[in-house]
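Read through the structure below, which is laid out as structure tokens, and then see the notes.
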Amino acid sequence: MIEVSRLVKSYRDLKAVNDVTFKVEKGEILGFLGPNGAGKTTTMRMITGVLPPTSGSVRVAGFDVFEHPMEVKRRIGYLPETPPVYTDMTVRAYLRFVAEIKGVARNRRESEVERVAAKTNCDKFVRRVIGNLSKGQRQRVGLAQALLNDPDVLILDEPTVGLDPAQIIEVRELIKSLAGKHTIILSTHILPEVVATCQRVLMIAQGKIVADDTLAGLQKAHAGAVTADGQMGPAPSLEEIFLKLTSA
Amino acid sequence: MKNAIAIAKKELNIYFATPIAYVMFTLFVVIGSYFFLRLLGAYEQASLMYMRFNAQEMVNRLNFQDAIFRNLFGNLGVILIFIIPFLTMRLVAEEKRQKTIELLYTSPVTSNEIVIGKYLAALFILFCALALTVTYPVLVQLVAKDPNGVEWRSVLLGYLGLFLMGAAYLAIGLFISALTENQMIAAIGTFVVLLMSWIIGWTASEAEGWVREVVTYLASVSHLDSFSKGTLELKDVVYFLSLVALGLFLSNRAVEAHRWS
């Protein structure tokens, strides 16, 4: 569904993303991990077409992001780092607007807004002005916006930032429930989130991919290296693998 | 076009959800009324004086268009210079600062639709502000004893001139807003450019030859005045419409440049 090949983004001498290649199959949830400043957001922005890559290509559902941007944008729901909400609008007016520019037909618009608001638990404050909402509520409005028009691909940049523990669990459940039908890339540096939601893990450090495997596969690959006496040690936690790979 | 209208509706939603539109209307009408009342007072004085000296010739020559509306439209034009920067400053700059522009960039919307949508919303506000001031000629018509009353054709031409000039100013303001993330810079930059386009006309009186011709053509005041007099000339329409086209084209370039940076 998503094919990223040899993606590079450089800012003068700094290579924010350096030769990144990976694939995400339809219906998969990919956990995109890495320390702050590793290039997660930059990569995601290139996939959504906000940022042009220096070199390399991205294909979504077979369409090149650069050559057929409209086809790609029709299929992607994107939640950036800061939820892109207009603070002067009410939640309902905002969601209606996003539905409209995403091409939801007029007669379906109202029910589509209701649907995503209910799904993200925004329905209790749809009449309120976004500027008066808490950070967690805004985050949920941002998530609701990404779900509008039921896109095939969801790109979520740290979707649980600013939520309280109960809401984090809700959002994780929501993301899990979307698996299968939607292809999801989820960036985070909260490791338990990956364990809870993702089937596959992609780890990036200093712009380069350092691991691309299932969680079990990663644990297996790094199990032997943990103990010194040649015996298979206990399966390492994702934290240990993360620290080992990203500190290099 | 459907997307442009969606964006225009969103912008109008924000104009009316925030005080911007109301403050703009109030300012425009309060200052406009002040000028109108002064001009009306001057008209009254002049007509009383001519009648006292029995200057029938002068009384006959006195008419609403020259004595009131031509000056009024000139004054409203000056108010537009002060008000339009506040109307356009937010349009793109604020979207960049709040990062909401990423939503537009990741939606199936072209840069042209973004620019046109925002422009249409601002045009609508301008139209409403001008429509509020139609009360002045209506009032004059209601109290005028003169059987001919207000020359509506000339008045409407004056409004067309004001609208075209406002449209040109909005396009310039939109472009400057697309250059920055800072609303204040957008407002001040727009104000300086609009003010220059007005006061450049003053230097025309000092210049000679072709310089004078060029400067007179560049100054927006001379083009507005030809509408306010009640004349419709192609060169004035072309002047304002080409500014609109230039402003929108540059805005589109600025948005594209930001998108690919």
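As shown in the structure tokens, the chain order sets the letters A, B, ...; within each chain, residues go from 1, and ligands are also counted from 1 in the order they appear.
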
Which residues of chain A sit at most 7 Å from chain B, using only C-alpha atoms? Give each one's shortest atom pair and distance in Å (one decimal place), in chain and ascending residue order, as a tab-separated table.
```
residue	atom	partner	partner_atom	distance
A:Thr48	CA	B:Thr106	CA	6.2
A:Gly49	CA	B:Thr106	CA	6.5
A:Val50	CA	B:Tyr105	CA	5.9
A:Leu51	CA	B:Trp260	CA	6.4
A:Pro52	CA	B:Trp260	CA	6.0
A:Met70	CA	B:Pro108	CA	5.1
A:Lys73	CA	B:Pro108	CA	5.3
A:Arg74	CA	B:Pro108	CA	5.8
A:Pro84	CA	B:Thr100	CA	4.2
A:Val85	CA	B:Thr100	CA	6.1
A:Tyr86	CA	B:Thr100	CA	6.9
A:Asp88	CA	B:Ile14	CA	6.1
A:Met89	CA	B:Ile14	CA	6.5
A:Phe97	CA	B:Lys10	CA	6.6
A:Glu100	CA	B:Ala6	CA	6.4
A:Ile101	CA	B:Asn3	CA	5.5
A:Lys102	CA	B:Ser107	CA	6.0
```

Using N, CA and C atoms, can you export the residues from the last selection as an mmCIF file, in the first residue's frame?
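Done, and the output landed in part.cif:
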```cif
data_model
loop_
_atom_site.group_PDB
_atom_site.id
_atom_site.type_symbol
_atom_site.label_atom_id
_atom_site.label_comp_id
_atom_site.auth_asym_id
_atom_site.auth_seq_id
_atom_site.Cartn_x
_atom_site.Cartn_y
_atom_site.Cartn_z
ATOM 1 N N THR A 48 3.057 12.184 3.027
ATOM 2 C CA THR A 48 1.777 12.851 2.806
ATOM 3 C C THR A 48 1.856 13.926 1.724
ATOM 4 N N GLY A 49 3.069 14.234 1.283
ATOM 5 C CA GLY A 49 3.194 15.223 0.213
ATOM 6 C C GLY A 49 3.269 16.649 0.705
ATOM 7 N N VAL A 50 3.454 16.861 2.016
ATOM 8 C CA VAL A 50 3.607 18.226 2.518
ATOM 9 C C VAL A 50 4.998 18.738 2.171
ATOM 10 N N LEU A 51 5.948 17.813 2.181
ATOM 11 C CA LEU A 51 7.345 18.194 2.038
ATOM 12 C C LEU A 51 7.916 17.440 0.838
ATOM 13 N N PRO A 52 8.557 18.143 -0.091
ATOM 14 C CA PRO A 52 9.134 17.429 -1.236
ATOM 15 C C PRO A 52 10.459 16.775 -0.827
ATOM 16 N N MET A 70 -2.796 14.536 -6.150
ATOM 17 C CA MET A 70 -4.221 14.570 -5.802
ATOM 18 C C MET A 70 -4.756 13.168 -5.494
ATOM 19 N N LYS A 73 -3.487 12.249 -2.089
ATOM 20 C CA LYS A 73 -4.117 13.003 -1.000
ATOM 21 C C LYS A 73 -5.541 12.542 -0.743
ATOM 22 N N ARG A 74 -6.217 12.065 -1.804
ATOM 23 C CA ARG A 74 -7.581 11.549 -1.622
ATOM 24 C C ARG A 74 -7.589 10.306 -0.735
ATOM 25 N N PRO A 84 -3.998 20.208 13.174
ATOM 26 C CA PRO A 84 -4.245 21.380 12.333
ATOM 27 C C PRO A 84 -5.661 21.897 12.488
ATOM 28 N N VAL A 85 -5.949 22.517 13.629
ATOM 29 C CA VAL A 85 -7.315 22.965 13.903
ATOM 30 C C VAL A 85 -7.385 24.489 13.904
ATOM 31 N N TYR A 86 -8.519 25.010 13.438
ATOM 32 C CA TYR A 86 -8.745 26.457 13.456
ATOM 33 C C TYR A 86 -9.368 26.803 14.794
ATOM 34 N N ASP A 88 -10.650 29.350 16.034
ATOM 35 C CA ASP A 88 -11.830 30.208 16.112
ATOM 36 C C ASP A 88 -13.117 29.495 15.694
ATOM 37 N N MET A 89 -12.989 28.267 15.192
ATOM 38 C CA MET A 89 -14.186 27.570 14.715
ATOM 39 C C MET A 89 -14.694 26.594 15.780
ATOM 40 N N PHE A 97 -16.031 21.490 7.432
ATOM 41 C CA PHE A 97 -15.132 22.077 6.435
ATOM 42 C C PHE A 97 -14.150 21.031 5.898
ATOM 43 N N GLU A 100 -15.725 18.675 3.608
ATOM 44 C CA GLU A 100 -16.001 19.292 2.320
ATOM 45 C C GLU A 100 -14.759 19.293 1.432
ATOM 46 N N ILE A 101 -13.608 19.714 1.967
ATOM 47 C CA ILE A 101 -12.422 19.753 1.101
ATOM 48 C C ILE A 101 -11.883 18.349 0.835
ATOM 49 N N LYS A 102 -12.264 17.382 1.651
ATOM 50 C CA LYS A 102 -11.830 16.021 1.349
ATOM 51 C C LYS A 102 -12.769 15.333 0.369
#
```

Run DSSP on the backbone and tell me which residues of segment 134-163 of chain B come out as alpha helix (DSSP H); list them as a PyMOL selection string. chain B and resi 135-143+152-163

Which of these residues is nearest to Arg212 of chain B, using only C-alpha atoms: B:Ile200, B:Pro19, B:Arg52, B:Leu234? B:Ile200

Contacts of Gly166 of chain B at 12 Å or less, counting only C-alpha atoms, minus same-chain residues fewer than 6 places along, as a short mmCIF file (atom, residue, chain, number, x, y, z; two decimals) with N, CA and C atoms, in the first residue's frame?
```cif
data_model
loop_
_atom_site.label_atom_id
_atom_site.label_comp_id
_atom_site.auth_asym_id
_atom_site.auth_seq_id
_atom_site.Cartn_x
_atom_site.Cartn_y
_atom_site.Cartn_z
N PHE B 73 -16.61 59.40 -1.95
CA PHE B 73 -15.96 58.18 -2.46
C PHE B 73 -14.45 58.27 -2.31
N LEU B 76 -13.85 57.49 1.31
CA LEU B 76 -14.03 56.06 1.60
C LEU B 76 -12.84 55.27 1.05
N GLY B 77 -12.31 55.72 -0.07
CA GLY B 77 -11.12 55.08 -0.64
C GLY B 77 -9.95 55.14 0.33
N VAL B 78 -9.79 56.30 0.99
CA VAL B 78 -8.70 56.42 1.97
C VAL B 78 -8.94 55.47 3.14
N ILE B 79 -10.20 55.38 3.58
CA ILE B 79 -10.49 54.47 4.71
C ILE B 79 -10.14 53.03 4.33
N LEU B 80 -10.38 52.68 3.07
CA LEU B 80 -10.06 51.31 2.64
C LEU B 80 -8.58 51.00 2.84
N ILE B 81 -7.73 52.01 2.60
CA ILE B 81 -6.29 51.80 2.78
C ILE B 81 -5.97 51.39 4.22
N PHE B 82 -6.72 51.95 5.16
CA PHE B 82 -6.45 51.64 6.56
C PHE B 82 -7.09 50.32 6.99
N ILE B 83 -8.18 49.95 6.34
CA ILE B 83 -8.94 48.81 6.80
C ILE B 83 -8.54 47.50 6.12
N ILE B 84 -8.20 47.59 4.85
CA ILE B 84 -7.92 46.36 4.11
C ILE B 84 -6.73 45.56 4.67
N PRO B 85 -5.67 46.22 5.14
CA PRO B 85 -4.58 45.41 5.74
C PRO B 85 -5.05 44.51 6.88
N LEU B 87 -7.95 43.22 7.10
CA LEU B 87 -8.81 42.19 6.54
C LEU B 87 -7.99 41.05 5.93
N THR B 88 -6.84 41.40 5.38
CA THR B 88 -6.06 40.38 4.66
C THR B 88 -4.92 39.80 5.49
N TYR B 119 -9.58 34.72 -1.26
CA TYR B 119 -9.86 36.01 -1.89
C TYR B 119 -11.36 36.28 -1.95
N ALA B 122 -12.72 37.49 1.36
CA ALA B 122 -12.38 38.89 1.64
C ALA B 122 -13.22 39.83 0.77
N LEU B 123 -13.44 39.44 -0.48
CA LEU B 123 -14.28 40.26 -1.38
C LEU B 123 -15.68 40.41 -0.82
N PHE B 124 -16.20 39.32 -0.26
CA PHE B 124 -17.55 39.35 0.29
C PHE B 124 -17.63 40.38 1.44
N ILE B 125 -16.61 40.37 2.31
CA ILE B 125 -16.60 41.34 3.42
C ILE B 125 -16.55 42.77 2.88
N LEU B 126 -15.72 42.98 1.86
CA LEU B 126 -15.62 44.31 1.26
C LEU B 126 -16.98 44.73 0.70
N PHE B 127 -17.64 43.80 0.01
CA PHE B 127 -18.94 44.08 -0.57
C PHE B 127 -19.94 44.50 0.51
N CYS B 128 -19.95 43.77 1.62
CA CYS B 128 -20.87 44.10 2.71
C CYS B 128 -20.57 45.48 3.28
N ALA B 129 -19.28 45.77 3.48
CA ALA B 129 -18.90 47.07 4.06
C ALA B 129 -19.38 48.20 3.14
N LEU B 130 -19.18 48.03 1.84
CA LEU B 130 -19.62 49.07 0.91
C LEU B 130 -21.14 49.16 0.88
N TYR B 159 -19.47 53.48 -6.67
CA TYR B 159 -19.37 52.26 -5.87
C TYR B 159 -18.61 51.18 -6.63
N LEU B 160 -18.85 51.10 -7.93
CA LEU B 160 -18.11 50.12 -8.73
C LEU B 160 -16.61 50.42 -8.63
N ILE B 172 -3.50 42.53 -3.31
CA ILE B 172 -2.14 42.87 -2.86
C ILE B 172 -1.94 42.40 -1.42
N GLY B 173 -2.95 42.64 -0.58
CA GLY B 173 -2.86 42.23 0.82
C GLY B 173 -2.74 40.73 0.97
N LEU B 174 -3.47 40.00 0.14
CA LEU B 174 -3.42 38.54 0.18
C LEU B 174 -2.01 38.05 -0.15
N LEU B 194 -0.16 50.01 0.05
CA LEU B 194 -1.40 50.68 -0.34
C LEU B 194 -1.26 52.19 -0.21
N SER B 220 -3.49 54.98 -7.54
CA SER B 220 -4.85 54.46 -7.57
C SER B 220 -5.88 55.57 -7.43
N VAL B 221 -5.47 56.71 -6.82
CA VAL B 221 -6.43 57.77 -6.55
C VAL B 221 -7.02 58.34 -7.84
N LEU B 224 -9.68 55.98 -9.18
CA LEU B 224 -10.91 55.99 -8.39
C LEU B 224 -11.70 57.25 -8.70
N PHE B 240 -7.39 48.42 -12.40
CA PHE B 240 -7.73 47.67 -11.18
C PHE B 240 -7.73 46.16 -11.43
N LEU B 241 -8.29 45.75 -12.56
CA LEU B 241 -8.35 44.31 -12.81
C LEU B 241 -6.96 43.72 -13.01
N LEU B 243 -4.30 44.75 -11.49
CA LEU B 243 -3.74 44.61 -10.13
C LEU B 243 -4.30 43.36 -9.45
N VAL B 244 -5.60 43.11 -9.64
CA VAL B 244 -6.22 41.91 -9.06
C VAL B 244 -5.52 40.66 -9.60
#
```

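Within the 10 Å cut-off around Thr180 of chain B, using only C-alpha atoms and omitting residues fewer than 4 positions from it on the same chain, the listed residues are B:Met89, B:Val92, B:Ala93, B:Glu94, B:Lys96, B:Arg97, B:Phe175, B:Ile176, B:Met184, B:Ile185, B:Ala186, B:Ala254, B:His258.
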
Store the residues picked out above in a file with C-alpha atoms, as a PDB file, in the first residue's frame.
```pdb
ATOM      1  CA  MET B  89      -3.290  40.040   7.255  1.00  0.00           C
ATOM      2  CA  VAL B  92      -2.366  32.998   4.831  1.00  0.00           C
ATOM      3  CA  ALA B  93       0.056  34.173   7.536  1.00  0.00           C
ATOM      4  CA  GLU B  94      -2.032  32.794  10.380  1.00  0.00           C
ATOM      5  CA  LYS B  96       1.296  29.155   8.378  1.00  0.00           C
ATOM      6  CA  ARG B  97       1.860  30.082  12.001  1.00  0.00           C
ATOM      7  CA  PHE B 175      -0.060  38.274  -1.560  1.00  0.00           C
ATOM      8  CA  ILE B 176       1.785  40.013   1.275  1.00  0.00           C
ATOM      9  CA  MET B 184       1.599  42.197  12.023  1.00  0.00           C
ATOM     10  CA  ILE B 185       4.246  42.186   9.309  1.00  0.00           C
ATOM     11  CA  ALA B 186       1.598  41.332   6.743  1.00  0.00           C
ATOM     12  CA  ALA B 254       3.937  32.433  -2.873  1.00  0.00           C
ATOM     13  CA  HIS B 258       5.901  27.677   0.574  1.00  0.00           C
TER      14      HIS B 258
END
```

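Using only C-alpha atoms, the shortest contact distance between Ile155 of chain A and any of A:Leu143, A:Leu238, A:Ala117, A:Ile169 is found at A:Leu143.
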
Test item: residues at most 12 Å from Val8 of chain A, only C-alpha atoms, excluding those fewer than 6 positions along its chain, as JSON, numbers by chain: {"A": [14, 15, 16, 17, 18, 19, 20, 21, 39, 42, 43, 46, 47, 51, 52, 53, 54, 55, 56, 57, 58, 207, 208, 209]}

Phe227 of chain B: which residues within 9 Å, counting only C-alpha atoms, same-chain residues fewer than 6 positions away excluded, as a PyMOL selection string? chain B and resi 70+154-155+157-162+233+236

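If you count only C-alpha atoms and ignore residues fewer than 5 places along the chain from Gly162 of chain A, what sits within 12 Å of it is Glu81, Thr82, Pro83, Ser134, Lys135, Gly136, Gln137, Arg138, Gln139, Arg140, Gln167, Ile168 and Val171 of chain A.
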
Please write the residues from the selection above to a file, keeping N, CA and C atoms, as an mmCIF file, in the first residue's frame.
```cif
data_model
loop_
_atom_site.group_PDB
_atom_site.id
_atom_site.type_symbol
_atom_site.label_atom_id
_atom_site.label_comp_id
_atom_site.auth_asym_id
_atom_site.auth_seq_id
_atom_site.Cartn_x
_atom_site.Cartn_y
_atom_site.Cartn_z
ATOM 1 N N GLU A 81 1.998 16.628 13.823
ATOM 2 C CA GLU A 81 2.452 16.786 15.214
ATOM 3 C C GLU A 81 1.536 17.705 16.013
ATOM 4 N N THR A 82 1.267 18.901 15.419
ATOM 5 C CA THR A 82 0.298 19.792 16.052
ATOM 6 C C THR A 82 -1.006 19.623 15.291
ATOM 7 N N PRO A 83 -2.094 19.286 15.995
ATOM 8 C CA PRO A 83 -3.354 19.091 15.274
ATOM 9 C C PRO A 83 -3.718 20.342 14.479
ATOM 10 N N SER A 134 -9.302 21.597 25.691
ATOM 11 C CA SER A 134 -8.024 21.198 26.275
ATOM 12 C C SER A 134 -7.146 20.568 25.195
ATOM 13 N N LYS A 135 -5.881 20.365 25.535
ATOM 14 C CA LYS A 135 -4.941 19.822 24.554
ATOM 15 C C LYS A 135 -5.361 18.433 24.080
ATOM 16 N N GLY A 136 -5.824 17.616 25.039
ATOM 17 C CA GLY A 136 -6.257 16.270 24.686
ATOM 18 C C GLY A 136 -7.482 16.278 23.787
ATOM 19 N N GLN A 137 -8.395 17.211 24.054
ATOM 20 C CA GLN A 137 -9.596 17.311 23.219
ATOM 21 C C GLN A 137 -9.233 17.738 21.804
ATOM 22 N N ARG A 138 -8.301 18.683 21.715
ATOM 23 C CA ARG A 138 -7.858 19.124 20.383
ATOM 24 C C ARG A 138 -7.204 17.988 19.625
ATOM 25 N N GLN A 139 -6.428 17.199 20.349
ATOM 26 C CA GLN A 139 -5.764 16.062 19.725
ATOM 27 C C GLN A 139 -6.808 15.105 19.139
ATOM 28 N N ARG A 140 -7.893 14.920 19.875
ATOM 29 C CA ARG A 140 -8.945 14.027 19.386
ATOM 30 C C ARG A 140 -9.670 14.623 18.184
ATOM 31 N N GLN A 167 -7.673 8.172 28.086
ATOM 32 C CA GLN A 167 -7.840 8.523 26.667
ATOM 33 C C GLN A 167 -6.814 7.815 25.803
ATOM 34 N N ILE A 168 -5.587 7.656 26.341
ATOM 35 C CA ILE A 168 -4.549 6.949 25.585
ATOM 36 C C ILE A 168 -5.032 5.540 25.265
ATOM 37 N N VAL A 171 -7.675 5.682 22.551
ATOM 38 C CA VAL A 171 -7.132 5.934 21.209
ATOM 39 C C VAL A 171 -6.433 4.689 20.681
#
```

Using the chain letters and numbers from this document, which residues of segment 44-119 of chain A does DSSP assign to strand (DSSP E), as a list in words?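 For segment 44-119 of chain A, the strand (DSSP E) set is Ser55, Gly56, Ser57, Val58, Arg59, Val60, Phe63, Asp64, Ile76, Gly77, Tyr78 and Leu79 of chain A.
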
Write the selection just made, keeping N, CA and C atoms, as a short mmCIF file (atom, residue, chain, number, x, y, z; two decimals), in the first residue's frame?
```cif
data_model
loop_
_atom_site.label_atom_id
_atom_site.label_comp_id
_atom_site.auth_asym_id
_atom_site.auth_seq_id
_atom_site.Cartn_x
_atom_site.Cartn_y
_atom_site.Cartn_z
N SER A 55 15.59 13.43 -2.68
CA SER A 55 15.59 12.40 -3.71
C SER A 55 14.83 11.19 -3.19
N GLY A 56 14.60 10.24 -4.07
CA GLY A 56 13.82 9.06 -3.68
C GLY A 56 12.36 9.25 -4.03
N SER A 57 11.58 8.18 -3.82
CA SER A 57 10.18 8.29 -4.20
C SER A 57 9.27 7.63 -3.17
N VAL A 58 8.04 8.07 -3.17
CA VAL A 58 7.01 7.50 -2.31
C VAL A 58 5.82 7.14 -3.19
N ARG A 59 5.33 5.92 -3.05
CA ARG A 59 4.11 5.54 -3.76
C ARG A 59 3.07 5.12 -2.75
N VAL A 60 1.87 5.64 -2.91
CA VAL A 60 0.76 5.26 -2.05
C VAL A 60 -0.32 4.70 -2.96
N PHE A 63 0.22 5.14 -6.58
CA PHE A 63 0.40 6.47 -7.15
C PHE A 63 1.64 7.13 -6.56
N ASP A 64 2.44 7.74 -7.42
CA ASP A 64 3.61 8.46 -6.95
C ASP A 64 3.15 9.79 -6.33
N ILE A 76 -5.31 9.59 1.79
CA ILE A 76 -4.55 9.70 3.04
C ILE A 76 -5.29 10.55 4.07
N GLY A 77 -5.29 10.07 5.30
CA GLY A 77 -5.71 10.90 6.42
C GLY A 77 -4.47 11.16 7.24
N TYR A 78 -4.24 12.42 7.59
CA TYR A 78 -2.97 12.75 8.23
C TYR A 78 -3.22 13.55 9.50
N LEU A 79 -2.61 13.11 10.57
CA LEU A 79 -2.62 13.88 11.81
C LEU A 79 -1.19 14.34 12.07
#
```

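The residue that comes closest to Pro159 of chain A, out of A:Lys9, A:His189, A:His182, A:Arg106 and on the basis of only C-alpha atoms, is A:His189.
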
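If you measure from each of B:Ala21, B:Leu27, B:Ala55, B:Val115 to Glu256 of chain B using only C-alpha atoms, the closest one turns out to be B:Val115.
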
Between A:Val194, A:Ala99, A:Ala179, A:Ala221, which residue has the minimum interatomic distance to Ala144 of chain A, considering only C-alpha atoms?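 Of all the options, A:Ala99 lies closest to Ala144 of chain A.
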
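With only C-alpha atoms as the atoms that count, the residue of B:Gln65, B:Arg253, B:Leu120, B:Tyr136 with the shortest distance to Phe35 of chain B is B:Tyr136.
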